[in-house]
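Trainee: Have a look at this one before I ask anything.
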Amino acid sequence: MMVFAQEIATPNIEWSLIWPFTVLALAGVLLITITSLVPSTRSGAFPGAFTAASAITAAFFIPFIARRINDTTPDDAPGEFYVLSRAIVVDNFTLFITGILCIAVVLTAFLLDDYTRREGLEGPEWYALVLLSASGGVLLASAEDLIVSFVGLEILSIAVYVLAALHLRRSESQEAGFKYFVLGALSSAVFLYGIALIYGATGSTTLTGISNALFVPGVNGGVPAEDASLLLVGVAFLLVGFGFKVSAAPFHVWTPDVYQGAPSPVVAFMASAVKVAAFAGFLRVFLYGFAGVSSEWLPIIAGMAMLTLLIGAFFAVVQTNVKRMMAYSSITHAGFMLIGMHSATQDTGTDILGSSAILFYLFTYSLTVIGSFAVITIVGQRGDGAHDIDDYRGLAKREPVLAALFTILLFAQAGIPFTSGFFAKFRVIAAAASDESYWLAGVAMLAAAVAAYLYLRLVVTMFMVGDDEADAEEPALAASSVGAAAADLGDDAEAELMAVERLDIPPSAMVVLAVSVIAAILWGVLPDIGNGFLTDAANTLTQLR
(Lines give C-alpha, C1' and ligand atoms only; values in the text may rest on other atoms or scores of the structure.)
Protein backbone atom coordinates (compact mmCIF):
# COMPACT_ATOMS: atom_id res chain seq x y z
CA MET A 1 0.00 0.00 0.00
CA MET A 2 1.53 3.26 -1.10
CA VAL A 3 0.83 6.54 0.67
CA PHE A 4 1.36 9.67 -1.33
CA ALA A 5 2.14 12.79 0.63
CA GLN A 6 0.00 15.66 -0.47
CA GLU A 7 1.80 18.96 -0.75
CA ILE A 8 0.31 21.63 1.46
CA ALA A 9 0.01 24.99 -0.20
CA THR A 10 1.66 27.70 1.86
CA PRO A 11 1.84 31.43 1.12
CA ASN A 12 5.02 32.83 -0.33
CA ILE A 13 6.44 35.23 2.23
CA GLU A 14 8.73 38.04 1.16
CA TRP A 15 10.50 38.53 4.46
CA SER A 16 12.39 41.54 3.19
CA LEU A 17 9.13 43.51 3.11
CA ILE A 18 8.13 42.80 6.70
CA TRP A 19 11.49 42.97 8.45
CA PRO A 20 10.45 45.89 10.72
CA PHE A 21 7.53 43.87 12.09
CA THR A 22 9.64 40.71 12.32
CA VAL A 23 12.49 42.42 14.16
CA LEU A 24 10.18 44.02 16.75
CA ALA A 25 8.24 40.80 17.38
CA LEU A 26 11.30 38.52 17.55
CA ALA A 27 13.23 41.01 19.68
CA GLY A 28 10.61 40.82 22.42
CA VAL A 29 10.82 37.02 22.51
CA LEU A 30 14.61 37.04 22.21
CA LEU A 31 14.99 39.48 25.08
CA ILE A 32 13.05 37.23 27.44
CA THR A 33 15.05 34.21 26.25
CA ILE A 34 18.45 35.86 26.74
CA THR A 35 17.63 37.23 30.17
CA SER A 36 16.28 33.84 31.25
CA LEU A 37 19.42 32.00 30.15
CA VAL A 38 21.78 34.69 31.45
CA PRO A 39 20.22 36.05 34.67
CA SER A 40 22.90 38.73 35.08
CA THR A 41 21.45 40.55 32.06
CA ARG A 42 18.04 41.00 33.70
CA SER A 43 19.16 44.17 35.44
CA GLY A 44 21.39 47.03 34.45
CA ALA A 45 21.50 48.67 31.05
CA PHE A 46 21.15 45.56 28.90
CA PRO A 47 17.31 45.34 28.55
CA GLY A 48 16.97 49.02 27.65
CA ALA A 49 19.94 49.00 25.28
CA PHE A 50 18.70 45.82 23.59
CA THR A 51 15.23 47.33 23.13
CA ALA A 52 16.54 50.59 21.68
CA ALA A 53 18.91 48.71 19.37
CA SER A 54 16.08 46.46 18.18
CA ALA A 55 13.85 49.42 17.34
CA ILE A 56 16.70 51.18 15.52
CA THR A 57 17.37 47.98 13.56
CA ALA A 58 13.69 47.75 12.61
CA ALA A 59 13.75 51.38 11.45
CA PHE A 60 16.94 50.72 9.46
CA PHE A 61 14.98 48.64 6.93
CA ILE A 62 12.35 51.33 6.28
CA PRO A 63 14.22 53.41 3.65
CA PHE A 64 15.21 50.29 1.70
CA ILE A 65 11.61 49.05 1.59
CA ALA A 66 10.42 52.55 0.64
CA ARG A 67 12.90 52.70 -2.22
CA ARG A 68 11.74 49.32 -3.47
CA ILE A 69 8.09 50.39 -3.33
CA ASN A 70 8.67 53.67 -5.13
CA ASP A 71 10.99 52.19 -7.77
CA THR A 72 8.66 49.37 -8.83
CA THR A 73 5.40 51.33 -9.24
CA PRO A 74 4.26 54.02 -11.66
CA ASP A 75 4.30 57.62 -10.45
CA ASP A 76 0.51 57.88 -10.56
CA ALA A 77 -0.22 54.67 -8.64
CA PRO A 78 0.02 53.96 -4.92
CA GLY A 79 3.11 51.87 -4.26
CA GLU A 80 2.19 48.74 -2.37
CA PHE A 81 3.13 45.11 -1.88
CA TYR A 82 0.80 42.44 -0.52
CA VAL A 83 2.27 39.84 1.82
CA LEU A 84 0.96 36.62 3.39
CA SER A 85 -1.74 35.95 0.80
CA ARG A 86 -2.82 39.60 0.83
CA ALA A 87 -3.35 39.63 4.59
CA ILE A 88 -0.81 42.43 4.98
CA VAL A 89 -0.09 45.40 2.73
CA VAL A 90 3.22 47.24 2.81
CA ASP A 91 3.07 50.78 1.44
CA ASN A 92 4.39 54.24 2.28
CA PHE A 93 1.64 54.75 4.85
CA THR A 94 2.67 51.56 6.66
CA LEU A 95 6.32 52.61 6.64
CA PHE A 96 5.53 56.10 7.93
CA ILE A 97 3.61 54.71 10.90
CA THR A 98 6.30 52.08 11.52
CA GLY A 99 8.91 54.82 11.70
CA ILE A 100 6.94 56.70 14.36
CA LEU A 101 6.48 53.51 16.38
CA CYS A 102 10.21 52.74 16.26
CA ILE A 103 11.04 56.23 17.51
CA ALA A 104 8.51 55.85 20.32
CA VAL A 105 10.03 52.50 21.36
CA VAL A 106 13.54 53.96 21.52
CA LEU A 107 12.47 56.95 23.61
CA THR A 108 10.31 54.80 25.90
CA ALA A 109 13.25 52.44 26.47
CA PHE A 110 15.36 55.41 27.59
CA LEU A 111 12.65 56.49 30.04
CA LEU A 112 12.16 52.99 31.41
CA ASP A 113 15.88 52.47 31.94
CA ASP A 114 16.12 54.90 34.85
CA TYR A 115 12.52 54.50 35.99
CA THR A 116 12.77 50.78 36.68
CA ARG A 117 16.03 51.25 38.60
CA ARG A 118 14.59 54.12 40.62
CA GLU A 119 11.50 52.14 41.55
CA GLY A 120 13.41 48.92 42.26
CA LEU A 121 11.48 47.11 39.49
CA GLU A 122 14.26 46.18 37.09
CA GLY A 123 13.49 43.38 34.66
CA PRO A 124 13.17 42.61 30.96
CA GLU A 125 9.39 42.24 31.02
CA TRP A 126 8.82 45.99 30.65
CA TYR A 127 10.89 46.16 27.49
CA ALA A 128 9.62 42.90 26.00
CA LEU A 129 6.04 44.09 26.37
CA VAL A 130 6.89 47.42 24.72
CA LEU A 131 8.48 45.61 21.75
CA LEU A 132 5.55 43.21 21.37
CA SER A 133 3.03 46.02 21.62
CA ALA A 134 4.88 47.97 18.92
CA SER A 135 4.88 44.90 16.66
CA GLY A 136 1.11 44.72 17.10
CA GLY A 137 0.90 48.36 16.11
CA VAL A 138 2.83 47.69 12.90
CA LEU A 139 0.54 44.75 12.14
CA LEU A 140 -2.56 46.88 12.75
CA ALA A 141 -1.29 49.66 10.48
CA SER A 142 -0.58 47.21 7.63
CA ALA A 143 -3.58 44.89 7.96
CA GLU A 144 -5.53 44.23 4.76
CA ASP A 145 -7.98 41.93 6.54
CA LEU A 146 -10.25 42.78 9.47
CA ILE A 147 -9.23 39.58 11.26
CA VAL A 148 -5.58 40.64 11.02
CA SER A 149 -6.62 44.11 12.23
CA PHE A 150 -8.18 42.49 15.27
CA VAL A 151 -5.08 40.39 15.94
CA GLY A 152 -2.86 43.47 15.65
CA LEU A 153 -5.17 45.44 17.92
CA GLU A 154 -5.04 42.73 20.58
CA ILE A 155 -1.24 42.37 20.44
CA LEU A 156 -0.98 46.14 20.72
CA SER A 157 -3.42 46.31 23.65
CA ILE A 158 -2.81 43.25 25.81
CA ALA A 159 0.84 44.13 26.32
CA VAL A 160 -0.17 47.63 27.44
CA TYR A 161 -2.81 46.26 29.84
CA VAL A 162 0.01 44.44 31.62
CA LEU A 163 2.36 47.42 31.45
CA ALA A 164 -0.24 49.67 33.07
CA ALA A 165 -0.42 47.32 36.08
CA LEU A 166 3.28 46.49 36.28
CA HIS A 167 4.23 48.85 39.11
CA LEU A 168 3.64 46.23 41.78
CA ARG A 169 4.21 48.67 44.66
CA ARG A 170 1.41 51.05 43.72
CA SER A 171 -2.22 50.04 44.11
CA GLU A 172 -3.14 52.79 41.64
CA SER A 173 -1.15 50.96 38.98
CA GLN A 174 -3.04 47.70 39.47
CA GLU A 175 -6.32 49.60 39.47
CA ALA A 176 -5.39 51.34 36.21
CA GLY A 177 -4.43 48.06 34.58
CA PHE A 178 -7.66 46.39 35.70
CA LYS A 179 -9.87 49.25 34.43
CA TYR A 180 -8.02 49.38 31.14
CA PHE A 181 -8.28 45.61 30.71
CA VAL A 182 -12.02 45.36 31.49
CA LEU A 183 -13.05 48.25 29.26
CA GLY A 184 -10.54 47.24 26.58
CA ALA A 185 -11.91 43.69 26.54
CA LEU A 186 -15.41 45.08 26.11
CA SER A 187 -14.34 47.27 23.19
CA SER A 188 -12.51 44.31 21.60
CA ALA A 189 -15.64 42.18 21.87
CA VAL A 190 -17.68 44.92 20.20
CA PHE A 191 -15.01 45.23 17.49
CA LEU A 192 -15.04 41.49 16.83
CA TYR A 193 -18.83 41.38 16.68
CA GLY A 194 -18.71 44.21 14.17
CA ILE A 195 -16.39 42.14 11.98
CA ALA A 196 -18.90 39.27 12.07
CA LEU A 197 -21.73 41.57 10.99
CA ILE A 198 -19.67 43.04 8.16
CA TYR A 199 -18.79 39.56 6.95
CA GLY A 200 -22.48 38.69 6.95
CA ALA A 201 -23.29 41.79 4.92
CA THR A 202 -20.47 41.65 2.35
CA GLY A 203 -19.26 38.04 2.37
CA SER A 204 -15.67 39.07 3.07
CA THR A 205 -13.38 40.28 5.84
CA THR A 206 -10.67 41.62 3.53
CA LEU A 207 -10.69 45.37 2.92
CA THR A 208 -10.48 44.77 -0.82
CA GLY A 209 -13.41 42.35 -0.74
CA ILE A 210 -15.51 44.72 1.37
CA SER A 211 -14.69 47.66 -0.87
CA ASN A 212 -15.58 45.67 -4.01
CA ALA A 213 -18.86 44.57 -2.47
CA LEU A 214 -19.78 48.17 -1.72
CA PHE A 215 -18.87 49.55 -5.11
CA VAL A 216 -19.96 46.49 -7.11
CA PRO A 217 -22.87 44.92 -5.18
CA GLY A 218 -23.01 41.15 -5.26
CA VAL A 219 -19.31 40.56 -5.95
CA ASN A 220 -18.84 38.56 -2.74
CA GLY A 221 -22.39 37.38 -2.32
CA GLY A 222 -23.54 40.34 -0.25
CA VAL A 223 -25.78 43.10 -1.57
CA PRO A 224 -25.19 46.19 0.58
CA ALA A 225 -28.30 47.90 -0.78
CA GLU A 226 -30.40 45.14 0.74
CA ASP A 227 -28.16 44.40 3.74
CA ALA A 228 -27.55 48.04 4.66
CA SER A 229 -28.71 47.73 8.25
CA LEU A 230 -26.41 44.77 8.93
CA LEU A 231 -23.47 46.54 7.32
CA LEU A 232 -24.01 49.85 9.08
CA VAL A 233 -24.38 48.25 12.49
CA GLY A 234 -21.07 46.48 11.87
CA VAL A 235 -19.46 49.78 10.88
CA ALA A 236 -20.84 51.38 14.05
CA PHE A 237 -19.33 48.61 16.17
CA LEU A 238 -15.93 49.15 14.56
CA LEU A 239 -16.26 52.87 15.27
CA VAL A 240 -16.74 52.00 18.93
CA GLY A 241 -13.67 49.74 18.95
CA PHE A 242 -11.38 52.26 17.31
CA GLY A 243 -12.92 55.16 19.23
CA PHE A 244 -11.94 53.48 22.50
CA LYS A 245 -8.35 52.97 21.40
CA VAL A 246 -7.85 56.57 20.24
CA SER A 247 -9.61 58.05 23.31
CA ALA A 248 -12.37 59.67 21.29
CA ALA A 249 -15.51 60.83 23.09
CA PRO A 250 -17.80 59.34 24.23
CA PHE A 251 -15.44 56.35 24.56
CA HIS A 252 -12.78 58.28 26.46
CA VAL A 253 -13.87 57.66 30.05
CA TRP A 254 -11.05 55.21 30.80
CA THR A 255 -8.30 57.64 29.84
CA PRO A 256 -7.95 59.93 32.90
CA ASP A 257 -7.97 57.09 35.44
CA VAL A 258 -5.55 54.93 33.49
CA TYR A 259 -3.17 57.82 32.77
CA GLN A 260 -3.18 58.79 36.44
CA GLY A 261 -2.51 55.30 37.79
CA ALA A 262 -0.21 53.74 35.19
CA PRO A 263 3.60 54.15 35.41
CA SER A 264 4.58 57.43 33.77
CA PRO A 265 6.87 55.96 31.04
CA VAL A 266 4.09 53.52 30.16
CA VAL A 267 1.68 56.42 29.77
CA ALA A 268 4.22 58.06 27.47
CA PHE A 269 4.14 54.95 25.29
CA MET A 270 0.33 54.74 25.44
CA ALA A 271 -0.16 58.39 24.51
CA SER A 272 2.24 58.15 21.57
CA ALA A 273 2.72 54.70 20.05
CA VAL A 274 -0.65 53.18 20.98
CA LYS A 275 -2.58 56.22 19.79
CA VAL A 276 -0.59 56.44 16.55
CA ALA A 277 -1.10 52.74 15.76
CA ALA A 278 -4.81 52.88 16.59
CA PHE A 279 -5.34 55.88 14.33
CA ALA A 280 -3.38 54.14 11.57
CA GLY A 281 -5.69 51.12 11.73
CA PHE A 282 -8.70 53.44 11.95
CA LEU A 283 -7.65 55.29 8.81
CA ARG A 284 -6.83 52.22 6.76
CA VAL A 285 -10.04 50.35 7.56
CA PHE A 286 -12.43 53.25 7.07
CA LEU A 287 -10.75 55.11 4.21
CA TYR A 288 -10.36 51.93 2.19
CA GLY A 289 -12.79 49.26 3.31
CA PHE A 290 -15.78 51.52 4.02
CA ALA A 291 -15.18 54.34 1.55
CA GLY A 292 -18.29 53.19 -0.36
CA VAL A 293 -20.54 54.15 2.58
CA SER A 294 -18.56 57.15 3.81
CA SER A 295 -21.66 59.33 3.58
CA GLU A 296 -23.15 57.23 6.39
CA TRP A 297 -20.26 57.31 8.88
CA LEU A 298 -18.62 60.64 8.03
CA PRO A 299 -21.17 62.70 10.03
CA ILE A 300 -20.48 60.45 13.02
CA ILE A 301 -16.76 61.18 12.71
CA ALA A 302 -17.55 64.89 12.64
CA GLY A 303 -19.74 64.58 15.73
CA MET A 304 -17.11 62.54 17.56
CA ALA A 305 -14.46 65.13 16.66
CA MET A 306 -16.54 68.01 18.02
CA LEU A 307 -17.47 66.17 21.22
CA THR A 308 -13.89 64.99 21.76
CA LEU A 309 -12.49 68.49 21.35
CA LEU A 310 -14.94 70.11 23.75
CA ILE A 311 -14.76 67.43 26.45
CA GLY A 312 -10.99 67.24 26.29
CA ALA A 313 -10.44 71.00 26.43
CA PHE A 314 -13.02 71.98 29.05
CA PHE A 315 -12.45 69.05 31.42
CA ALA A 316 -8.68 69.52 31.31
CA VAL A 317 -8.73 73.01 32.78
CA VAL A 318 -10.42 71.91 36.03
CA GLN A 319 -7.94 69.13 36.84
CA THR A 320 -5.33 69.42 39.60
CA ASN A 321 -3.41 66.23 38.82
CA VAL A 322 -0.94 66.81 35.98
CA LYS A 323 -1.30 63.29 34.58
CA ARG A 324 -5.07 63.74 34.40
CA MET A 325 -4.47 67.07 32.69
CA MET A 326 -2.35 65.33 30.10
CA ALA A 327 -5.04 62.67 29.72
CA TYR A 328 -7.66 65.24 28.77
CA SER A 329 -5.06 67.00 26.64
CA SER A 330 -4.57 63.69 24.80
CA ILE A 331 -8.32 63.51 24.25
CA THR A 332 -8.28 67.02 22.77
CA HIS A 333 -5.48 66.07 20.40
CA ALA A 334 -7.50 63.03 19.31
CA GLY A 335 -10.26 65.46 18.35
CA PHE A 336 -7.89 67.37 16.07
CA MET A 337 -6.80 64.11 14.46
CA LEU A 338 -10.43 63.15 13.86
CA ILE A 339 -10.90 66.44 12.00
CA GLY A 340 -7.94 65.49 9.82
CA MET A 341 -9.56 62.12 9.19
CA HIS A 342 -12.82 63.84 8.30
CA SER A 343 -11.04 66.03 5.74
CA ALA A 344 -9.07 63.09 4.33
CA THR A 345 -12.34 61.34 3.49
CA GLN A 346 -13.83 64.20 1.49
CA ASP A 347 -14.21 64.06 -2.29
CA THR A 348 -13.83 67.82 -2.65
CA GLY A 349 -10.23 67.69 -3.90
CA THR A 350 -8.89 68.69 -0.47
CA ASP A 351 -8.46 65.14 0.81
CA ILE A 352 -4.68 65.33 0.40
CA LEU A 353 -4.66 68.28 2.83
CA GLY A 354 -6.49 66.21 5.42
CA SER A 355 -4.23 63.19 4.87
CA SER A 356 -1.01 65.15 5.24
CA ALA A 357 -2.46 67.07 8.21
CA ILE A 358 -3.30 64.01 10.26
CA LEU A 359 0.01 62.28 9.49
CA PHE A 360 1.99 65.39 10.40
CA TYR A 361 -0.07 65.68 13.59
CA LEU A 362 0.59 62.05 14.52
CA PHE A 363 4.32 62.48 14.06
CA THR A 364 4.77 65.76 15.93
CA TYR A 365 2.34 64.91 18.73
CA SER A 366 3.99 61.56 19.47
CA LEU A 367 7.37 63.21 20.04
CA THR A 368 5.95 66.09 22.05
CA VAL A 369 3.91 63.93 24.39
CA ILE A 370 6.81 61.55 25.11
CA GLY A 371 8.95 64.53 26.07
CA SER A 372 6.18 65.89 28.30
CA PHE A 373 5.90 62.59 30.13
CA ALA A 374 9.68 62.50 30.50
CA VAL A 375 9.31 65.62 32.65
CA ILE A 376 6.37 64.08 34.51
CA THR A 377 8.47 60.96 35.17
CA ILE A 378 11.28 63.07 36.60
CA VAL A 379 9.06 65.25 38.80
CA GLY A 380 7.19 62.17 40.04
CA GLN A 381 10.45 60.97 41.61
CA ARG A 382 10.70 57.73 43.56
CA GLY A 383 7.25 56.27 44.08
CA ASP A 384 5.88 58.01 40.97
CA GLY A 385 3.39 59.85 43.13
CA ALA A 386 4.25 63.57 42.99
CA HIS A 387 1.90 64.57 40.19
CA ASP A 388 -0.21 67.27 41.78
CA ILE A 389 0.09 70.69 40.15
CA ASP A 390 1.55 72.03 43.40
CA ASP A 391 4.53 69.74 42.89
CA TYR A 392 5.46 71.92 39.91
CA ARG A 393 5.25 75.19 41.82
CA GLY A 394 8.57 76.99 41.69
CA LEU A 395 10.11 74.32 39.43
CA ALA A 396 11.85 77.04 37.42
CA LYS A 397 13.85 78.04 40.49
CA ARG A 398 14.72 74.50 41.53
CA GLU A 399 15.40 73.10 38.04
CA PRO A 400 15.47 75.98 35.51
CA VAL A 401 16.62 73.86 32.55
CA LEU A 402 13.93 71.24 33.14
CA ALA A 403 11.26 73.92 33.48
CA ALA A 404 12.41 75.65 30.29
CA LEU A 405 12.33 72.44 28.27
CA PHE A 406 8.90 71.54 29.64
CA THR A 407 7.66 75.01 28.71
CA ILE A 408 8.71 74.52 25.09
CA LEU A 409 6.86 71.19 24.97
CA LEU A 410 3.75 72.72 26.55
CA PHE A 411 3.85 75.57 24.04
CA ALA A 412 4.11 72.99 21.25
CA GLN A 413 1.01 71.21 22.55
CA ALA A 414 -0.79 74.55 22.80
CA GLY A 415 0.07 75.36 19.18
CA ILE A 416 2.20 78.44 19.84
CA PRO A 417 3.94 79.76 16.67
CA PHE A 418 7.46 78.53 15.93
CA THR A 419 6.68 75.12 17.42
CA SER A 420 5.65 71.95 15.63
CA GLY A 421 2.26 72.04 17.35
CA PHE A 422 1.38 75.30 15.61
CA PHE A 423 1.75 73.81 12.14
CA ALA A 424 0.04 70.58 13.23
CA LYS A 425 -3.06 72.47 14.36
CA PHE A 426 -2.88 74.92 11.47
CA ARG A 427 -2.83 72.14 8.88
CA VAL A 428 -5.83 70.41 10.44
CA ILE A 429 -7.87 73.61 10.68
CA ALA A 430 -6.86 74.65 7.15
CA ALA A 431 -7.95 71.25 5.80
CA ALA A 432 -11.33 71.58 7.54
CA ALA A 433 -11.81 75.08 6.14
CA SER A 434 -10.82 73.93 2.65
CA ASP A 435 -13.58 71.31 2.56
CA GLU A 436 -16.01 73.94 3.92
CA SER A 437 -16.40 72.29 7.33
CA TYR A 438 -16.26 75.73 8.92
CA TRP A 439 -18.09 74.69 12.06
CA LEU A 440 -15.49 71.98 12.72
CA ALA A 441 -12.70 74.49 12.18
CA GLY A 442 -14.44 76.88 14.58
CA VAL A 443 -14.80 74.26 17.30
CA ALA A 444 -11.15 73.32 16.83
CA MET A 445 -10.03 76.93 17.31
CA LEU A 446 -12.24 77.25 20.39
CA ALA A 447 -10.81 74.05 21.86
CA ALA A 448 -7.27 75.21 21.10
CA ALA A 449 -7.90 78.50 22.91
CA VAL A 450 -9.39 76.77 25.97
CA ALA A 451 -6.65 74.14 26.07
CA ALA A 452 -4.01 76.89 25.89
CA TYR A 453 -5.17 77.96 29.36
CA LEU A 454 -4.23 74.52 30.66
CA TYR A 455 -0.68 74.71 29.35
CA LEU A 456 -0.21 78.33 30.43
CA ARG A 457 -1.48 77.39 33.87
CA LEU A 458 1.36 74.91 34.21
CA VAL A 459 3.90 77.43 32.92
CA VAL A 460 2.68 80.06 35.39
CA THR A 461 2.89 77.50 38.19
CA MET A 462 6.51 76.75 37.31
CA PHE A 463 7.72 80.31 36.73
CA MET A 464 5.47 82.92 38.29
CA VAL A 465 6.59 82.47 41.89
CA GLY A 466 8.58 85.16 43.67
CA ASP A 467 11.88 84.31 45.36
CA ASP A 468 10.52 84.82 48.85
CA GLU A 469 7.41 82.79 48.13
CA ALA A 470 9.43 80.00 46.54
CA ASP A 471 11.80 79.88 49.51
CA ALA A 472 8.89 79.65 51.88
CA GLU A 473 7.14 76.99 49.85
CA GLU A 474 10.10 74.70 49.11
CA PRO A 475 10.01 72.85 52.46
CA ALA A 476 6.27 72.29 52.09
CA LEU A 477 6.74 71.11 48.54
CA ALA A 478 9.47 68.71 49.60
CA ALA A 479 7.25 67.35 52.34
CA SER A 480 4.36 67.00 49.91
CA SER A 481 6.51 65.06 47.44
CA VAL A 482 7.94 62.90 50.18
CA GLY A 483 4.52 62.16 51.56
CA ALA A 484 3.18 61.08 48.18
CA ALA A 485 6.18 58.85 47.53
CA ALA A 486 6.47 57.45 51.03
CA ALA A 487 2.82 56.41 50.96
CA ASP A 488 3.82 53.85 48.31
CA LEU A 489 7.33 52.99 49.44
CA GLY A 490 6.91 52.84 53.21
CA ASP A 491 8.22 54.87 56.14
CA ASP A 492 11.77 53.52 55.77
CA ALA A 493 12.24 55.54 52.58
CA GLU A 494 11.08 58.83 54.09
CA ALA A 495 14.41 59.79 55.58
CA GLU A 496 16.17 59.10 52.30
CA LEU A 497 13.65 61.16 50.35
CA MET A 498 13.81 64.10 52.77
CA ALA A 499 17.54 64.30 52.21
CA VAL A 500 17.06 65.00 48.52
CA GLU A 501 16.49 68.70 47.93
CA ARG A 502 16.73 68.76 44.17
CA LEU A 503 15.22 66.51 41.55
CA ASP A 504 17.22 63.59 40.29
CA ILE A 505 17.42 64.10 36.53
CA PRO A 506 18.94 61.02 34.84
CA PRO A 507 20.90 61.41 31.58
CA SER A 508 18.58 58.98 29.75
CA ALA A 509 15.55 61.17 30.48
CA MET A 510 17.47 64.25 29.34
CA VAL A 511 18.19 62.51 26.03
CA VAL A 512 14.45 61.98 25.56
CA LEU A 513 13.78 65.60 26.46
CA ALA A 514 16.47 66.85 24.08
CA VAL A 515 15.10 64.83 21.16
CA SER A 516 11.52 65.98 21.84
CA VAL A 517 12.41 69.65 22.24
CA ILE A 518 14.67 69.72 19.18
CA ALA A 519 11.89 68.13 17.13
CA ALA A 520 9.31 70.61 18.48
CA ILE A 521 11.50 73.56 17.48
CA LEU A 522 12.88 72.11 14.24
CA TRP A 523 9.49 71.26 12.76
CA GLY A 524 8.14 74.54 14.11
CA VAL A 525 10.70 76.57 12.16
CA LEU A 526 11.19 74.21 9.18
CA PRO A 527 7.93 72.25 8.86
CA ASP A 528 8.83 70.90 5.40
CA ILE A 529 11.67 68.71 6.65
CA GLY A 530 10.97 65.16 5.50
CA ASN A 531 8.07 66.41 3.43
CA GLY A 532 8.77 63.90 0.68
CA PHE A 533 8.22 60.92 2.98
CA LEU A 534 5.14 62.59 4.44
CA THR A 535 3.73 63.36 1.00
CA ASP A 536 4.25 59.78 -0.18
CA ALA A 537 2.42 58.47 2.88
CA ALA A 538 -0.38 61.03 2.48
CA ASN A 539 -0.80 60.18 -1.20
CA THR A 540 -1.04 56.50 -0.32
CA LEU A 541 -3.64 57.27 2.34
CA THR A 542 -5.66 59.38 -0.10
CA GLN A 543 -5.53 56.78 -2.86
CA LEU A 544 -6.79 54.09 -0.50
CA ARG A 545 -10.23 55.52 -1.16
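We name chains A, B, ... following the order of the C-alpha coordinates; residues begin at 1 in each chain, and ligands are numbered from 1 as shown.
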Applying 7 Å and only C-alpha atoms, which residues near range 205-212 of chain A remain after dropping the ones on its own chain fewer than 6 positions away? List them as an MDAnalysis selection string.
Mentor: chainID A and resid 144:147 199 219:220 285 288:290 292
Trainee: Which one of A:Thr94, A:Ser295, A:Asn531, A:Thr202 sits closest to Phe360 in chain A if you count only C-alpha atoms?
Mentor: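 Residue with the minimum atom-to-atom distance to Phe360 in chain A: A:Asn531.
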Trainee: Here is a test: counting only C-alpha atoms, which residue of A:Ala236, A:Val90, A:Ala213, A:Ala509 is nearest to Arg68 in chain A?
Mentor: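 Smallest distance to Arg68 in chain A is found for A:Val90.
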Trainee: Which polymer residues have any atom within 9 Å of an atom of Arg284 in chain A, counting only C-alpha atoms, with same-chain residues fewer than 6 positions away left out, as JSON, numbers by chain?
Mentor: {"A": [141, 142, 143, 144, 207, 541, 544]}
Trainee: Could you please take those selected residues and save N, CA, C and O atoms as a PDB file, in the first residue's frame?
Mentor:
```
ATOM      1  N   ALA A 141      -1.421  48.634  11.512  1.00  0.00           N
ATOM      2  CA  ALA A 141      -1.294  49.663  10.481  1.00  0.00           C
ATOM      3  C   ALA A 141      -1.232  49.076   9.080  1.00  0.00           C
ATOM      4  O   ALA A 141      -1.605  49.730   8.103  1.00  0.00           O
ATOM      5  N   SER A 142      -0.770  47.819   8.955  1.00  0.00           N
ATOM      6  CA  SER A 142      -0.582  47.215   7.635  1.00  0.00           C
ATOM      7  C   SER A 142      -1.635  46.168   7.294  1.00  0.00           C
ATOM      8  O   SER A 142      -1.551  45.541   6.227  1.00  0.00           O
ATOM      9  N   ALA A 143      -2.609  45.970   8.164  1.00  0.00           N
ATOM     10  CA  ALA A 143      -3.584  44.891   7.965  1.00  0.00           C
ATOM     11  C   ALA A 143      -4.489  45.164   6.772  1.00  0.00           C
ATOM     12  O   ALA A 143      -5.057  46.249   6.642  1.00  0.00           O
ATOM     13  N   GLU A 144      -4.627  44.166   5.914  1.00  0.00           N
ATOM     14  CA  GLU A 144      -5.533  44.227   4.758  1.00  0.00           C
ATOM     15  C   GLU A 144      -6.791  43.399   5.023  1.00  0.00           C
ATOM     16  O   GLU A 144      -7.699  43.364   4.192  1.00  0.00           O
ATOM     17  N   LEU A 207     -10.293  44.002   3.267  1.00  0.00           N
ATOM     18  CA  LEU A 207     -10.690  45.366   2.924  1.00  0.00           C
ATOM     19  C   LEU A 207     -10.986  45.489   1.436  1.00  0.00           C
ATOM     20  O   LEU A 207     -11.909  46.207   1.021  1.00  0.00           O
ATOM     21  N   LEU A 541      -2.430  57.235   1.518  1.00  0.00           N
ATOM     22  CA  LEU A 541      -3.642  57.267   2.336  1.00  0.00           C
ATOM     23  C   LEU A 541      -4.825  57.789   1.530  1.00  0.00           C
ATOM     24  O   LEU A 541      -5.944  57.262   1.617  1.00  0.00           O
ATOM     25  N   LEU A 544      -6.094  55.262  -1.033  1.00  0.00           N
ATOM     26  CA  LEU A 544      -6.787  54.090  -0.500  1.00  0.00           C
ATOM     27  C   LEU A 544      -8.275  54.158  -0.809  1.00  0.00           C
ATOM     28  O   LEU A 544      -8.948  53.133  -0.940  1.00  0.00           O
TER      29      LEU A 544
END
```
